[in-house]
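Remarks on the structure that follows.
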Amino acid sequence: MIDRNKLIKSRNSIAYPKLYKNKKVSLVDVLDRVLDKGAVVDGEAVIRIADIDLVFIGLRLLVTSVSRAEKLRRGSGIHKKLKPTKEDIEYLQELEREIQKAEKNIPKIIDAGNSKKAERGIAKLVLTLVEFIRQILEKESMRRIDAGNLSDIEIQKLGLTLKALEKKIEELKTVFGIKEKLNLELGPLGNLM
Amino acid sequence: MRGFYVYCITSEDGPKKFSGLNGIDNKSGVFTLAYKDLGAIVSMINLSDFGGNELKKKLDDPKCKWVKRTVLNHQKVINKVMKGRAVIPMRFGIVYKKKGQIEEVLEKNYRKFKNILGSLVDKKEWGVKIFCDQGRLASKIQAKDGSIKKLRKQLGTGPEGKKFFLQKKLDAITESRMEEEMNKYSQIFLKRLSKDSDKYILNDTSSKELTGRNEEMIINVAYLVADKNLVKFEKNLDELREKYLGDRFLLELSGPWPPYNFVNLDYDRPKQIN
């Protein structure tokens, strides 16, 4: 069903795709195969695979499911692309449920004296956006340096400013106990940075 | 109400009943439903376990106890059935209410199933995962790449602000060289491993968080290998393993698996029977 079929290469027509790309996700081997691979017979099948998938890694997997749904659409040909499949609809409903769940949870987290945790989440979001802007500025600076548009003193100032900002973000990360790399997963759009 | 859980499709010449083998619920026996010379390997389950609130509850268990157990049982049954014959393994969660529905599926897709089974005779799926110690690869690249060496030299001198940009540039170049290098190695690995296999499918790699390893997974691939080629296939793997260990590439083999990765097909849906 998915475009994995297109990836099957017979030994006589080996065409090597660009392989190394930072992708992620998958559980232990068995779960990986049994839940995601194998023949699918439609019709009276009662379990919805999307539901099972969602259990495992929560939001993380939600993101994967998004790309999986993407693949599904891409793999099913252009003429079918316009119509949402049953799986699409189920998946969207699942997303809506997840959003509702999250909406219900937010006041709970704050009420439960968990404000520290909530604070951390907000700090992470803000820092992510600051870091995102910082990286854009950095790239633009780099572009101008390479084009030879900047004087030495301007380069010096820019470099130090960006470095200071970078350090400050690191410091704040430590303050809020954020160990992971700052980023936002945007599902089918990939990562923010 | 009881229903039929389907594990795989195979030829019907095997046992009608599998004594001592229990289904995903740990208690119901596994048996064959036949249509002509095709067989669906099934066991009875409670439909309530697979629908509505009951399922929701099981899926909401943060430890996934039920899911893990049933998934492992699913695999266990197919493993037993595949001994000595080709199977088309089903994905987890294929359930029918009536025997007739399964027979209809077999009837409607008879040719297709036969063809696939024919293409899988005496072949197994083998999984290969390749990991890379990126830290070591990076230092290896930095030590020998000309433009990187030049940049590093410049880094030693000059004002702090300028150094910042040089460092960033250095990081970016290193990263793109790493990607090139990793692609290069990936091609080598895949080319060699494909030699004695029929087909392969690239799967998504897992993040370090999921694998729990220090090395990055760079390839996750499933091969369909004929039993008679297995020795050669493993030899290729061993030679690669030995040759590239120094560059910190680790190769992991798993299998034999039912050909989960090689049975993705569209086939006709049965009519809805109420």
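The way I read the labels, and the way they are meant: chains A, B, ... in the order of the structure tokens, residue 1 as the first residue of every chain, and ligand 1 as the first ligand shown, with later ones counted on from there.
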
Residue list for chain B near chain A as a PyMOL selection string, 6 Å, only C-alpha atoms: chain B and resi 59+89-96+161-162+164+183+198-201+205-207+260-261+263-266+269-270

Helix (DSSP H, G or I) per DSSP on the backbone: members of segment 165-200 of chain B, as a count of residues only: 30

Segment 131-231 of chain B: residues DSSP assigns to strand (DSSP E), reported as a PyMOL selection string: chain B and resi 131-132+199-202+216-226

Okay, now the selection with N, CA and C atoms, as a PDB file, in the first residue's frame?
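Here's the written file part.pdb:
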```
ATOM      1  N   PHE B 131      25.182   0.877  12.006  1.00  0.00           N
ATOM      2  CA  PHE B 131      25.383   1.995  12.918  1.00  0.00           C
ATOM      3  C   PHE B 131      26.737   2.641  12.656  1.00  0.00           C
ATOM      4  N   CYS B 132      26.834   3.913  12.990  1.00  0.00           N
ATOM      5  CA  CYS B 132      28.084   4.615  12.757  1.00  0.00           C
ATOM      6  C   CYS B 132      28.444   5.457  13.968  1.00  0.00           C
ATOM      7  N   LYS B 199      15.865  -9.012  -3.259  1.00  0.00           N
ATOM      8  CA  LYS B 199      15.289  -7.676  -3.214  1.00  0.00           C
ATOM      9  C   LYS B 199      15.692  -7.038  -1.908  1.00  0.00           C
ATOM     10  N   TYR B 200      15.581  -5.727  -1.860  1.00  0.00           N
ATOM     11  CA  TYR B 200      15.707  -5.107  -0.548  1.00  0.00           C
ATOM     12  C   TYR B 200      14.775  -3.919  -0.416  1.00  0.00           C
ATOM     13  N   ILE B 201      14.489  -3.594   0.839  1.00  0.00           N
ATOM     14  CA  ILE B 201      13.628  -2.447   1.128  1.00  0.00           C
ATOM     15  C   ILE B 201      14.279  -1.620   2.222  1.00  0.00           C
ATOM     16  N   LEU B 202      14.422  -0.353   1.957  1.00  0.00           N
ATOM     17  CA  LEU B 202      14.982   0.537   2.976  1.00  0.00           C
ATOM     18  C   LEU B 202      13.882   0.987   3.909  1.00  0.00           C
ATOM     19  N   GLU B 216      24.950   6.273  15.834  1.00  0.00           N
ATOM     20  CA  GLU B 216      23.775   6.642  15.043  1.00  0.00           C
ATOM     21  C   GLU B 216      23.435   5.511  14.073  1.00  0.00           C
ATOM     22  N   MET B 217      22.138   5.196  13.960  1.00  0.00           N
ATOM     23  CA  MET B 217      21.754   4.213  12.952  1.00  0.00           C
ATOM     24  C   MET B 217      21.696   4.903  11.591  1.00  0.00           C
ATOM     25  N   ILE B 218      22.444   4.397  10.627  1.00  0.00           N
ATOM     26  CA  ILE B 218      22.430   5.067   9.326  1.00  0.00           C
ATOM     27  C   ILE B 218      21.706   4.260   8.252  1.00  0.00           C
ATOM     28  N   ILE B 219      21.585   2.968   8.472  1.00  0.00           N
ATOM     29  CA  ILE B 219      20.832   2.161   7.506  1.00  0.00           C
ATOM     30  C   ILE B 219      19.982   1.148   8.253  1.00  0.00           C
ATOM     31  N   ASN B 220      18.741   1.015   7.810  1.00  0.00           N
ATOM     32  CA  ASN B 220      17.856  -0.018   8.329  1.00  0.00           C
ATOM     33  C   ASN B 220      17.201  -0.652   7.112  1.00  0.00           C
ATOM     34  N   VAL B 221      17.657  -1.838   6.769  1.00  0.00           N
ATOM     35  CA  VAL B 221      17.233  -2.404   5.489  1.00  0.00           C
ATOM     36  C   VAL B 221      16.791  -3.849   5.662  1.00  0.00           C
ATOM     37  N   ALA B 222      15.794  -4.248   4.904  1.00  0.00           N
ATOM     38  CA  ALA B 222      15.332  -5.637   4.926  1.00  0.00           C
ATOM     39  C   ALA B 222      15.669  -6.278   3.595  1.00  0.00           C
ATOM     40  N   TYR B 223      16.254  -7.463   3.658  1.00  0.00           N
ATOM     41  CA  TYR B 223      16.615  -8.198   2.445  1.00  0.00           C
ATOM     42  C   TYR B 223      15.783  -9.455   2.318  1.00  0.00           C
ATOM     43  N   LEU B 224      15.429  -9.780   1.080  1.00  0.00           N
ATOM     44  CA  LEU B 224      14.823 -11.076   0.813  1.00  0.00           C
ATOM     45  C   LEU B 224      15.933 -11.967   0.254  1.00  0.00           C
ATOM     46  N   VAL B 225      16.252 -13.019   1.014  1.00  0.00           N
ATOM     47  CA  VAL B 225      17.402 -13.852   0.648  1.00  0.00           C
ATOM     48  C   VAL B 225      16.948 -15.298   0.441  1.00  0.00           C
ATOM     49  N   ALA B 226      17.349 -15.878  -0.662  1.00  0.00           N
ATOM     50  CA  ALA B 226      17.051 -17.293  -0.901  1.00  0.00           C
ATOM     51  C   ALA B 226      17.875 -18.129   0.073  1.00  0.00           C
TER      52      ALA B 226
END
```

Point-to-point distance from atom CA of Glu160 of chain B to atom CA of Ser151 of chain A, Å rounded to tenths: 14.6 Å
